[in-house]
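A short write-up of the structure that comes next.
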Amino acid sequence: MKPLIQILISIVLISCGDKQSANKEVNTEINQKKKETNLPIKEEFKPDSSYVEFWCSIEVLKKTSENINKLDLVTVAEFLASFHNECANNVEFLEWSNELLFEVAKNKPDFLLQILNKNDSLDKDLIKSEFENPIHDGFDINDIIEKIEMSNSSEEIKEEITESLKIAKSKLE
């Protein structure tokens, strides 16, 4: 009878050990799933409200247009700050800003890229979308791409803008 009890105790102990290792495996799997579901969520872009005076501003576009051949860093920064999703219903602003964006990229690619690279308060996705959707085919996209690629900015921002311009080019072909 004693050997039978020893065998039963051994079986119980072994089965408890198996449950513990099984529980460890289940817990490991649960923790892994938790980690997968806790991946960082990309937050929605919220432009800096200190730029509200520039949002959708026809005055900023006018200033940019008047100085297109002698743009300075401040004018380009104000111009880029004028892009905001609230402008979606302002057809005059949308058309003029799109046209000026290509002209700014052609005339001052270094300023454009420098500001986009350093200012996280700008809506870069909206600006890239504008590059992807030119309002007409009067832009020499190849020339702009070449100027962007030759600029002294970070490779990452150059690549992003170049990619957007290539999308625009494919739409115009």
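Identifiers in the structure tokens: chain A, B, ... in order shown; residue index from 1 per chain; ligand index from 1 in order shown.
For Lys169 of chain A, the list of residues within 10 Å, based on only C-alpha atoms and with local chain neighbours fewer than 2 positions off taken out, reads Phe131, Glu132, Asn133, Pro134, Asp137, Phe139, Asp140, Ile141, Asn142, Ile145, Glu163, Ser164, Leu165, Lys166, Ile167, Lys171, Leu172 and Glu173 of chain A.
The coordinates place atom CA of Ile157 of chain A at 24.4 Å from atom CA of Val52 of chain A.
As for atom CA of Asp72 of chain A and atom CA of Ala88 of chain A, they are spaced 26.8 Å apart.
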task = Determine, counting only C-alpha atoms, which protein, DNA and RNA residues have an atom within 7 Å of an atom of segment 56-60 of chain A; residues of the same chain fewer than 6 positions away are not included. Present the result as JSON, numbers by chain.
result = {"A": [78, 79, 82, 83, 84, 87, 93]}
